[in-house]
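Printed here is target32.txt (compact mmCIF, C-alpha atoms):
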```txt
# COMPACT_ATOMS: atom_id res chain seq x y z
CA GLY A 25 -22.58 3.13 -34.27
CA ALA A 26 -23.44 6.83 -34.22
CA LEU A 27 -19.83 7.90 -34.78
CA GLY A 28 -18.83 4.89 -36.84
CA GLY A 29 -18.77 6.77 -40.13
CA LEU A 30 -16.65 9.50 -38.61
CA LEU A 31 -14.18 7.15 -36.96
CA ALA A 32 -13.93 5.03 -40.11
CA ARG A 33 -12.27 8.01 -41.81
CA MET A 34 -9.42 7.87 -39.29
CA PRO A 35 -6.12 6.31 -40.31
CA GLY A 36 -6.68 2.57 -40.50
CA GLY A 37 -9.18 2.02 -43.28
CA ALA A 38 -12.55 0.29 -43.29
CA PRO A 39 -14.58 -0.32 -40.12
CA GLY A 40 -14.19 -3.54 -38.15
CA GLU A 41 -16.75 -6.33 -38.23
CA GLY A 42 -19.08 -5.27 -35.41
CA ARG A 43 -18.53 -6.52 -31.88
CA ALA A 44 -16.15 -9.23 -33.05
CA ALA A 45 -13.64 -6.56 -33.99
CA GLU A 46 -13.69 -5.21 -30.44
CA ALA A 47 -12.11 -8.38 -29.16
CA ASP A 48 -9.09 -7.47 -31.30
CA ALA A 49 -9.15 -3.78 -30.39
CA ALA A 50 -5.51 -3.84 -29.31
CA THR A 51 -4.22 -5.59 -32.47
CA ALA A 52 -0.85 -4.09 -33.31
CA ARG A 53 -0.21 -2.18 -36.50
CA PRO A 54 3.01 -0.46 -37.56
CA GLY A 55 3.74 2.51 -35.30
CA MET A 56 3.68 6.07 -36.53
CA PRO A 57 6.96 7.25 -38.06
CA GLY A 58 9.39 9.02 -35.77
CA ARG A 59 8.19 7.31 -32.59
CA GLY A 60 10.49 5.36 -30.31
CA GLY A 61 10.06 1.73 -29.32
CA ALA A 62 8.91 -1.35 -31.24
CA PRO A 63 6.11 -0.79 -33.77
CA GLY A 64 2.63 -1.31 -32.33
CA ARG A 65 3.94 -2.04 -28.81
CA PRO A 66 3.50 0.10 -25.67
CA ARG A 67 6.40 2.40 -24.98
CA PRO A 68 7.40 3.84 -21.59
CA ALA A 69 5.95 7.23 -20.71
CA VAL A 70 8.88 9.65 -20.45
CA GLN A 71 7.70 13.25 -20.56
CA SER A 72 9.05 16.46 -19.10
CA ALA A 73 7.59 18.29 -16.12
CA GLU A 74 6.65 21.08 -18.53
CA PHE A 75 4.65 18.62 -20.62
CA GLU A 76 2.84 17.25 -17.55
CA GLU A 77 1.96 20.78 -16.44
CA ALA A 78 0.59 21.62 -19.88
CA LEU A 79 -1.42 18.39 -19.86
CA LEU A 80 -2.89 19.22 -16.45
CA ARG A 81 -3.88 22.70 -17.66
CA LEU A 82 -5.58 21.19 -20.71
CA ASP A 83 -7.37 18.66 -18.49
CA GLU A 84 -8.65 21.46 -16.25
CA LEU A 85 -9.91 23.39 -19.26
CA LEU A 86 -11.71 20.35 -20.65
CA ARG A 87 -13.20 19.61 -17.22
CA GLN A 88 -14.80 23.04 -17.18
CA LEU A 89 -16.18 22.72 -20.70
CA PRO A 90 -19.95 23.35 -20.40
CA ALA A 91 -22.51 21.65 -22.62
CA VAL A 92 -25.08 24.35 -23.22
CA GLY A 93 -26.71 27.24 -21.39
CA PRO A 94 -26.00 30.82 -20.37
CA ALA A 95 -22.72 29.87 -18.67
CA ALA A 96 -21.30 28.27 -21.79
CA SER A 97 -18.42 29.98 -23.53
CA SER A 98 -18.92 30.89 -27.15
CA PRO A 99 -17.63 28.31 -29.66
CA VAL A 100 -15.04 30.82 -30.88
CA GLU A 101 -13.77 31.55 -27.36
CA SER A 102 -13.65 27.86 -26.39
CA SER A 103 -11.87 26.97 -29.62
CA ALA A 104 -9.27 29.71 -29.13
CA ARG A 105 -8.53 28.60 -25.56
CA LEU A 106 -8.23 24.95 -26.58
CA HIS A 107 -5.95 25.88 -29.46
CA HIS A 108 -3.71 27.88 -27.11
CA HIS A 109 -3.41 25.00 -24.64
CA ARG A 110 -2.88 22.50 -27.43
CA SER A 111 -0.05 24.62 -28.85
CA ALA A 112 1.61 24.75 -25.42
CA LEU A 113 1.23 20.99 -25.09
CA VAL A 114 2.73 20.36 -28.51
CA ALA A 115 5.66 22.69 -27.78
CA SER A 116 6.45 20.86 -24.55
CA ALA A 117 6.47 17.37 -26.10
CA GLY A 118 9.89 15.77 -26.27
CA GLU A 119 9.73 13.90 -29.58
CA ALA A 120 8.55 14.86 -33.04
CA GLY A 121 6.38 11.73 -33.15
CA ASP A 122 4.70 12.73 -29.90
CA ARG A 123 3.94 16.17 -31.28
CA GLN A 124 2.37 14.55 -34.33
CA VAL A 125 0.20 12.34 -32.12
CA ILE A 126 -0.94 15.29 -30.01
CA GLU A 127 -1.91 17.31 -33.08
CA LEU A 128 -3.78 14.43 -34.71
CA LEU A 129 -5.64 13.28 -31.61
CA SER A 130 -6.62 16.85 -30.73
CA ARG A 131 -8.12 17.37 -34.18
CA ILE A 132 -9.94 14.04 -34.00
CA PHE A 133 -11.53 15.01 -30.68
CA GLU A 134 -12.44 18.45 -32.03
CA THR A 135 -14.22 16.73 -34.91
CA ILE A 136 -16.02 14.29 -32.59
CA LEU A 137 -17.15 17.10 -30.30
CA SER A 138 -18.60 19.05 -33.23
CA TYR A 139 -20.32 16.01 -34.73
CA PRO A 140 -24.07 16.82 -35.13
CA GLN A 141 -25.22 13.38 -33.97
CA LEU A 142 -23.53 13.78 -30.59
CA PRO A 143 -25.97 15.58 -28.24
CA ALA A 144 -24.55 18.73 -26.69
CA ALA A 145 -25.00 17.39 -23.15
CA PHE A 146 -22.64 14.50 -23.91
CA ARG A 147 -19.83 16.58 -25.38
CA PRO A 148 -18.26 17.38 -21.98
CA VAL A 149 -18.35 13.64 -21.25
CA VAL A 150 -16.25 12.89 -24.33
CA ALA A 151 -13.99 15.90 -23.73
CA ARG A 152 -13.36 14.76 -20.15
CA MET A 153 -11.62 11.63 -21.45
CA GLN A 154 -9.45 13.38 -24.03
CA VAL A 155 -6.36 13.66 -21.83
CA ALA A 156 -6.62 10.00 -20.81
CA ALA A 157 -6.97 9.06 -24.49
CA LEU A 158 -3.89 11.13 -25.30
CA ARG A 159 -1.84 9.36 -22.64
CA VAL A 160 -2.88 6.03 -24.15
CA ALA A 161 -2.01 7.19 -27.67
CA LEU A 162 1.46 8.28 -26.58
CA GLN A 163 2.17 4.82 -25.18
CA GLU A 164 0.26 2.62 -27.65
CA PRO A 165 1.10 3.51 -31.27
CA ALA A 166 -1.56 1.08 -32.55
CA MET A 167 -4.29 3.42 -31.31
CA MET A 168 -3.52 6.05 -33.93
CA ASP A 169 -3.13 3.54 -36.75
CA SER A 170 -6.68 2.18 -36.66
CA HIS A 171 -10.09 3.05 -35.31
CA ASN A 172 -10.38 -0.55 -34.03
CA HIS A 173 -9.15 0.41 -30.57
CA ALA A 174 -10.97 0.47 -27.23
CA VAL A 175 -10.72 4.27 -27.01
CA TRP A 176 -12.55 4.77 -30.29
CA PHE A 177 -15.06 2.00 -29.58
CA LEU A 178 -15.97 3.76 -26.32
CA MET A 179 -16.39 7.14 -28.04
CA ASP A 180 -18.59 5.52 -30.68
CA ARG A 181 -20.69 3.68 -28.12
CA ILE A 182 -21.33 6.87 -26.17
CA GLY A 183 -22.50 8.54 -29.37
CA GLU A 184 -24.67 5.56 -30.28
CA ALA A 185 -26.25 5.34 -26.82
CA SER A 186 -26.91 9.08 -26.53
CA ALA A 187 -28.59 9.20 -29.94
CA ALA A 188 -31.01 6.40 -29.07
CA TYR A 189 -33.52 8.70 -27.37
CA ALA A 190 -35.41 11.27 -29.41
CA GLN A 191 -36.75 13.33 -26.49
CA PRO A 192 -34.15 15.38 -24.55
CA ASP A 193 -36.25 15.07 -21.38
CA ASP A 194 -36.45 11.27 -21.59
CA PRO A 195 -35.59 9.98 -18.09
CA ARG A 196 -33.59 7.15 -19.68
CA LEU A 197 -31.40 9.73 -21.41
CA THR A 198 -30.96 11.57 -18.11
CA ALA A 199 -29.90 8.34 -16.42
CA LEU A 200 -27.50 7.53 -19.26
CA LEU A 201 -25.92 10.98 -19.04
CA ALA A 202 -25.38 10.67 -15.29
CA PHE A 203 -23.82 7.23 -15.79
CA CYS A 204 -21.50 8.47 -18.57
CA GLN A 205 -20.45 11.48 -16.52
CA SER A 206 -19.46 9.21 -13.63
CA MET A 207 -17.69 6.80 -15.98
CA ALA A 208 -15.75 9.63 -17.63
CA GLU A 209 -14.60 10.91 -14.24
CA ASP A 210 -13.44 7.42 -13.30
CA VAL A 211 -11.41 7.20 -16.52
CA ALA A 212 -10.00 10.71 -16.20
CA ARG A 213 -8.71 10.29 -12.66
CA ILE A 214 -6.52 7.27 -13.48
CA PRO A 215 -2.92 8.61 -13.62
CA ALA A 216 -1.63 5.95 -16.05
CA PRO A 217 -4.52 4.96 -18.34
CA ASP A 218 -4.21 2.18 -20.90
CA SER A 219 -6.40 0.41 -23.42
CA ALA A 220 -7.59 -2.04 -20.74
CA LEU A 221 -9.08 0.89 -18.81
CA PHE A 222 -11.11 1.95 -21.83
CA ARG A 223 -12.20 -1.65 -22.48
CA ARG A 224 -13.48 -1.87 -18.90
CA ALA A 225 -15.35 1.40 -19.36
CA LEU A 226 -16.83 0.06 -22.61
CA ASN A 227 -17.99 -3.10 -20.82
CA ARG A 228 -19.54 -0.99 -18.05
CA LEU A 229 -21.44 1.08 -20.59
CA ASP A 230 -22.69 -2.01 -22.43
CA ALA A 231 -23.84 -3.53 -19.13
CA GLN A 232 -25.65 -0.32 -18.19
CA ARG A 233 -27.45 -0.20 -21.53
CA SER A 234 -28.44 -3.85 -21.29
CA ALA A 235 -29.81 -3.38 -17.77
CA ALA A 236 -31.71 -0.24 -18.85
CA GLU A 237 -33.26 -2.12 -21.77
CA GLN A 238 -34.32 -4.97 -19.50
CA ARG A 239 -35.95 -2.50 -17.11
CA ALA A 240 -37.75 -0.82 -20.00
CA LEU A 241 -39.04 -4.18 -21.27
CA ALA A 242 -40.26 -5.10 -17.79
CA GLN A 243 -42.03 -1.75 -17.43
CA ARG A 244 -43.68 -2.10 -20.83
CA GLU A 245 -44.88 -5.61 -19.96
CA TRP A 246 -46.23 -4.40 -16.63
CA LEU A 247 -48.05 -1.57 -18.40
CA ARG A 248 -49.45 -3.95 -21.03
CA VAL A 249 -50.81 -6.36 -18.41
CA THR A 250 -52.24 -3.53 -16.31
CA ILE A 251 -54.00 -1.91 -19.25
CA ALA A 252 -55.28 -5.23 -20.59
CA SER A 253 -56.88 -6.08 -17.26
CA CYS A 254 -58.67 -2.74 -16.99
CA GLY A 255 -62.42 -2.94 -17.58
CA GLU A 256 -62.63 0.51 -19.12
CA ALA A 257 -61.30 1.50 -22.53
CA VAL A 258 -57.66 2.60 -22.26
CA VAL A 259 -55.55 3.95 -25.10
CA ALA A 260 -51.85 4.81 -24.74
CA THR A 261 -50.24 7.20 -27.22
CA ASP A 262 -46.74 8.56 -27.74
CA PRO A 263 -45.94 12.31 -27.52
CA ASP A 264 -47.00 12.70 -31.17
CA GLY A 265 -50.46 11.31 -30.52
CA VAL A 266 -49.83 7.99 -32.25
CA VAL A 267 -51.57 5.00 -30.70
CA ARG A 268 -49.08 2.60 -29.11
CA LEU A 269 -51.27 0.40 -26.93
CA VAL A 270 -54.98 -0.40 -26.56
CA ASN A 271 -56.82 -2.79 -24.28
CA PRO A 272 -59.73 -5.12 -25.19
CA ALA A 273 -62.30 -2.57 -24.04
CA ALA A 274 -60.82 0.03 -26.40
CA GLU A 275 -60.83 -2.53 -29.23
CA ALA A 276 -64.54 -3.10 -28.62
CA LEU A 277 -65.15 0.65 -28.62
CA ALA A 278 -63.38 1.09 -31.94
CA GLY A 279 -64.77 -2.10 -33.45
CA ARG A 280 -61.26 -3.09 -34.57
CA ARG A 281 -58.44 -5.26 -33.35
CA SER A 282 -55.33 -3.63 -31.87
CA ALA A 283 -53.33 -4.54 -35.00
CA HIS A 284 -55.47 -2.06 -36.96
CA LEU A 285 -55.25 0.66 -34.30
CA VAL A 286 -51.64 0.69 -33.10
CA GLY A 287 -49.44 2.97 -35.18
CA ARG A 288 -52.29 5.24 -36.28
CA PRO A 289 -52.94 8.81 -35.08
CA ILE A 290 -55.45 8.85 -32.22
CA GLY A 291 -57.94 10.89 -34.26
CA GLU A 292 -57.84 8.32 -37.07
CA ALA A 293 -58.02 5.26 -34.83
CA PHE A 294 -60.75 6.73 -32.61
CA PRO A 295 -62.55 9.47 -34.60
CA LEU A 296 -64.84 10.31 -31.68
CA ALA A 297 -61.82 11.03 -29.48
CA SER A 298 -60.79 13.97 -31.68
```

How does this structure look as structure tokens?
Amino acid sequence: GALGGLLARMPGGAPGEGRAAEADAATARPGMPGRGGAPGRPRPAVQSAEFEEALLRLDELLRQLPAVGPAASSPVESSARLHHHRSALVASAGEAGDRQVIELLSRIFETILSYPQLPAAFRPVVARMQVAALRVALQEPAMMDSHNHAVWFLMDRIGEASAAYAQPDDPRLTALLAFCQSMAEDVARIPAPDSALFRRALNRLDAQRSAAEQRALAQREWLRVTIASCGEAVVATDPDGVVRLVNPAAEALAGRRSAHLVGRPIGEAFPLAS
């Protein structure tokens, strides 16, 4: 996926084997040193009121994180505020192992949010789920031992889906962003998140992408049939002026079959048109 190379450099080694690895996303690995409970098994959430208050303040800050535009804070200002809240969160954690998890997960999310392949509009979506991911990490040691965990699969899938559209004004990208924003809010509002929550979110995202692809295929087929049945010459191009579809009348005009026209610049395929 889009973030696969980044996540593969997390503790845990080489990437999993595609979708098959996702079925084993919760596979236990030895827990991080200094953490209570059995290795790789969920541990009860016991945190101080001070910690919960610091977590809520961090969540509020991440909720207000803008993507781009005049209202956006400068990267330096945003980074300084996040660092301040992270330091308060670390200081309020009860165990040394918890502090280690908070530091590591915070740095991982900072790296994800600055990753060039993640569109700016989707960064608040990822940031919105950081607190939920942290709660999971504090209860499920296996999450920080390997990138083969539902939390990381979801982050990667968001990056992969958002990078699939080249044009920022593509209505499919707009629909995907709205869906991911709603999904992130649903994840963030759960008071006791776990890996199952992130797996459900991952399944929702996969279902949305599949449905969107089916709609796109249906629209393309409808367009193909409509253009083919038109008696006049019709040529469809992409935003770069490359021929993507021609009907029989246009083939007759050019004196060539569509196989020799599609994929060529309009001026080359139809010299008279330029």

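When the distance limit is 9 Å and all atoms listed in the file are what count, the residues near Ser72 in chain A, minus those fewer than 4 positions from it on the same chain, are Glu76, Glu77, Ser116, Ala117 and Gly118 of chain A.
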
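Going from CA of Arg159 in chain A to CA of Pro217 in chain A covers 6.7 Å.
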
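For the pair CA of Asp210 in chain A and CA of Leu82 in chain A, the separation is 17.5 Å.
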
- Got a sec: who's within 12 Å of Phe203 in chain A, counting all atoms listed in the file, leaving out chain neighbours fewer than 5 positions off, as a PyMOL selection string? chain A and resi 146+149+182+185-186+196-198+208-210+225+228-233+236

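Minimum atom-to-atom distance to Trp176 in chain A, evaluated using all atoms listed in the file, belongs to A:Arg223 out of A:Arg248, A:Arg281, A:Arg268, A:Arg223.
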
Output requested as a PDB file, in the coordinates of the input - range 175-210 of chain A, filled out with N, CA and C atoms.
```pdb
ATOM      1  N   VAL A 175     -10.404   2.847 -27.179  1.00  0.00           N
ATOM      2  CA  VAL A 175     -10.720   4.270 -27.010  1.00  0.00           C
ATOM      3  C   VAL A 175     -11.792   4.705 -28.009  1.00  0.00           C
ATOM      4  N   TRP A 176     -11.599   4.347 -29.267  1.00  0.00           N
ATOM      5  CA  TRP A 176     -12.550   4.770 -30.290  1.00  0.00           C
ATOM      6  C   TRP A 176     -13.875   4.016 -30.185  1.00  0.00           C
ATOM      7  N   PHE A 177     -13.808   2.735 -29.783  1.00  0.00           N
ATOM      8  CA  PHE A 177     -15.060   2.000 -29.580  1.00  0.00           C
ATOM      9  C   PHE A 177     -15.892   2.650 -28.474  1.00  0.00           C
ATOM     10  N   LEU A 178     -15.237   3.118 -27.412  1.00  0.00           N
ATOM     11  CA  LEU A 178     -15.970   3.760 -26.320  1.00  0.00           C
ATOM     12  C   LEU A 178     -16.585   5.071 -26.788  1.00  0.00           C
ATOM     13  N   MET A 179     -15.835   5.889 -27.524  1.00  0.00           N
ATOM     14  CA  MET A 179     -16.390   7.140 -28.040  1.00  0.00           C
ATOM     15  C   MET A 179     -17.605   6.874 -28.919  1.00  0.00           C
ATOM     16  N   ASP A 180     -17.497   5.861 -29.776  1.00  0.00           N
ATOM     17  CA  ASP A 180     -18.590   5.520 -30.680  1.00  0.00           C
ATOM     18  C   ASP A 180     -19.804   5.032 -29.902  1.00  0.00           C
ATOM     19  N   ARG A 181     -19.566   4.218 -28.876  1.00  0.00           N
ATOM     20  CA  ARG A 181     -20.690   3.680 -28.120  1.00  0.00           C
ATOM     21  C   ARG A 181     -21.417   4.772 -27.345  1.00  0.00           C
ATOM     22  N   ILE A 182     -20.686   5.738 -26.840  1.00  0.00           N
ATOM     23  CA  ILE A 182     -21.330   6.870 -26.170  1.00  0.00           C
ATOM     24  C   ILE A 182     -22.222   7.618 -27.145  1.00  0.00           C
ATOM     25  N   GLY A 183     -21.692   7.865 -28.362  1.00  0.00           N
ATOM     26  CA  GLY A 183     -22.500   8.540 -29.370  1.00  0.00           C
ATOM     27  C   GLY A 183     -23.720   7.734 -29.749  1.00  0.00           C
ATOM     28  N   GLU A 184     -23.557   6.437 -29.915  1.00  0.00           N
ATOM     29  CA  GLU A 184     -24.670   5.560 -30.280  1.00  0.00           C
ATOM     30  C   GLU A 184     -25.737   5.542 -29.194  1.00  0.00           C
ATOM     31  N   ALA A 185     -25.303   5.408 -27.934  1.00  0.00           N
ATOM     32  CA  ALA A 185     -26.250   5.340 -26.820  1.00  0.00           C
ATOM     33  C   ALA A 185     -26.996   6.657 -26.644  1.00  0.00           C
ATOM     34  N   SER A 186     -26.287   7.776 -26.755  1.00  0.00           N
ATOM     35  CA  SER A 186     -26.910   9.080 -26.530  1.00  0.00           C
ATOM     36  C   SER A 186     -27.888   9.453 -27.630  1.00  0.00           C
ATOM     37  N   ALA A 187     -27.700   8.892 -28.825  1.00  0.00           N
ATOM     38  CA  ALA A 187     -28.590   9.200 -29.940  1.00  0.00           C
ATOM     39  C   ALA A 187     -29.810   8.298 -29.989  1.00  0.00           C
ATOM     40  N   ALA A 188     -29.919   7.375 -29.041  1.00  0.00           N
ATOM     41  CA  ALA A 188     -31.010   6.400 -29.070  1.00  0.00           C
ATOM     42  C   ALA A 188     -32.330   6.956 -28.567  1.00  0.00           C
ATOM     43  N   TYR A 189     -32.304   8.126 -27.952  1.00  0.00           N
ATOM     44  CA  TYR A 189     -33.520   8.700 -27.370  1.00  0.00           C
ATOM     45  C   TYR A 189     -33.839  10.016 -28.054  1.00  0.00           C
ATOM     46  N   ALA A 190     -35.047  10.095 -28.616  1.00  0.00           N
ATOM     47  CA  ALA A 190     -35.410  11.270 -29.410  1.00  0.00           C
ATOM     48  C   ALA A 190     -35.749  12.473 -28.540  1.00  0.00           C
ATOM     49  N   GLN A 191     -36.310  12.237 -27.352  1.00  0.00           N
ATOM     50  CA  GLN A 191     -36.750  13.330 -26.490  1.00  0.00           C
ATOM     51  C   GLN A 191     -35.655  13.709 -25.496  1.00  0.00           C
ATOM     52  N   PRO A 192     -35.228  14.973 -25.470  1.00  0.00           N
ATOM     53  CA  PRO A 192     -34.150  15.380 -24.550  1.00  0.00           C
ATOM     54  C   PRO A 192     -34.515  15.236 -23.082  1.00  0.00           C
ATOM     55  N   ASP A 193     -35.831  15.211 -22.770  1.00  0.00           N
ATOM     56  CA  ASP A 193     -36.250  15.070 -21.380  1.00  0.00           C
ATOM     57  C   ASP A 193     -36.573  13.627 -21.014  1.00  0.00           C
ATOM     58  N   ASP A 194     -36.225  12.689 -21.865  1.00  0.00           N
ATOM     59  CA  ASP A 194     -36.450  11.270 -21.590  1.00  0.00           C
ATOM     60  C   ASP A 194     -35.652  10.886 -20.345  1.00  0.00           C
ATOM     61  N   PRO A 195     -36.318  10.337 -19.322  1.00  0.00           N
ATOM     62  CA  PRO A 195     -35.590   9.980 -18.090  1.00  0.00           C
ATOM     63  C   PRO A 195     -34.489   8.950 -18.337  1.00  0.00           C
ATOM     64  N   ARG A 196     -34.644   8.118 -19.364  1.00  0.00           N
ATOM     65  CA  ARG A 196     -33.590   7.150 -19.680  1.00  0.00           C
ATOM     66  C   ARG A 196     -32.339   7.854 -20.184  1.00  0.00           C
ATOM     67  N   LEU A 197     -32.537   8.946 -20.931  1.00  0.00           N
ATOM     68  CA  LEU A 197     -31.400   9.730 -21.410  1.00  0.00           C
ATOM     69  C   LEU A 197     -30.706  10.427 -20.241  1.00  0.00           C
ATOM     70  N   THR A 198     -31.515  10.926 -19.298  1.00  0.00           N
ATOM     71  CA  THR A 198     -30.960  11.570 -18.110  1.00  0.00           C
ATOM     72  C   THR A 198     -30.124  10.591 -17.301  1.00  0.00           C
ATOM     73  N   ALA A 199     -30.634   9.360 -17.156  1.00  0.00           N
ATOM     74  CA  ALA A 199     -29.900   8.340 -16.420  1.00  0.00           C
ATOM     75  C   ALA A 199     -28.612   7.954 -17.145  1.00  0.00           C
ATOM     76  N   LEU A 200     -28.691   7.867 -18.463  1.00  0.00           N
ATOM     77  CA  LEU A 200     -27.500   7.530 -19.260  1.00  0.00           C
ATOM     78  C   LEU A 200     -26.448   8.618 -19.125  1.00  0.00           C
ATOM     79  N   LEU A 201     -26.865   9.880 -19.165  1.00  0.00           N
ATOM     80  CA  LEU A 201     -25.920  10.980 -19.040  1.00  0.00           C
ATOM     81  C   LEU A 201     -25.220  10.945 -17.689  1.00  0.00           C
ATOM     82  N   ALA A 202     -25.974  10.730 -16.626  1.00  0.00           N
ATOM     83  CA  ALA A 202     -25.380  10.670 -15.290  1.00  0.00           C
ATOM     84  C   ALA A 202     -24.370   9.514 -15.204  1.00  0.00           C
ATOM     85  N   PHE A 203     -24.719   8.377 -15.806  1.00  0.00           N
ATOM     86  CA  PHE A 203     -23.820   7.230 -15.790  1.00  0.00           C
ATOM     87  C   PHE A 203     -22.531   7.550 -16.561  1.00  0.00           C
ATOM     88  N   CYS A 204     -22.669   8.145 -17.751  1.00  0.00           N
ATOM     89  CA  CYS A 204     -21.500   8.470 -18.570  1.00  0.00           C
ATOM     90  C   CYS A 204     -20.624   9.522 -17.919  1.00  0.00           C
ATOM     91  N   GLN A 205     -21.228  10.475 -17.238  1.00  0.00           N
ATOM     92  CA  GLN A 205     -20.450  11.480 -16.520  1.00  0.00           C
ATOM     93  C   GLN A 205     -19.593  10.832 -15.439  1.00  0.00           C
ATOM     94  N   SER A 206     -20.193   9.909 -14.688  1.00  0.00           N
ATOM     95  CA  SER A 206     -19.460   9.210 -13.630  1.00  0.00           C
ATOM     96  C   SER A 206     -18.356   8.336 -14.232  1.00  0.00           C
ATOM     97  N   MET A 207     -18.675   7.651 -15.326  1.00  0.00           N
ATOM     98  CA  MET A 207     -17.690   6.800 -15.980  1.00  0.00           C
ATOM     99  C   MET A 207     -16.514   7.619 -16.508  1.00  0.00           C
ATOM    100  N   ALA A 208     -16.804   8.773 -17.106  1.00  0.00           N
ATOM    101  CA  ALA A 208     -15.750   9.630 -17.630  1.00  0.00           C
ATOM    102  C   ALA A 208     -14.838  10.130 -16.525  1.00  0.00           C
ATOM    103  N   GLU A 209     -15.410  10.467 -15.380  1.00  0.00           N
ATOM    104  CA  GLU A 209     -14.600  10.910 -14.240  1.00  0.00           C
ATOM    105  C   GLU A 209     -13.702   9.777 -13.762  1.00  0.00           C
ATOM    106  N   ASP A 210     -14.240   8.565 -13.726  1.00  0.00           N
ATOM    107  CA  ASP A 210     -13.440   7.420 -13.300  1.00  0.00           C
ATOM    108  C   ASP A 210     -12.248   7.210 -14.242  1.00  0.00           C
TER     109      ASP A 210
END
```
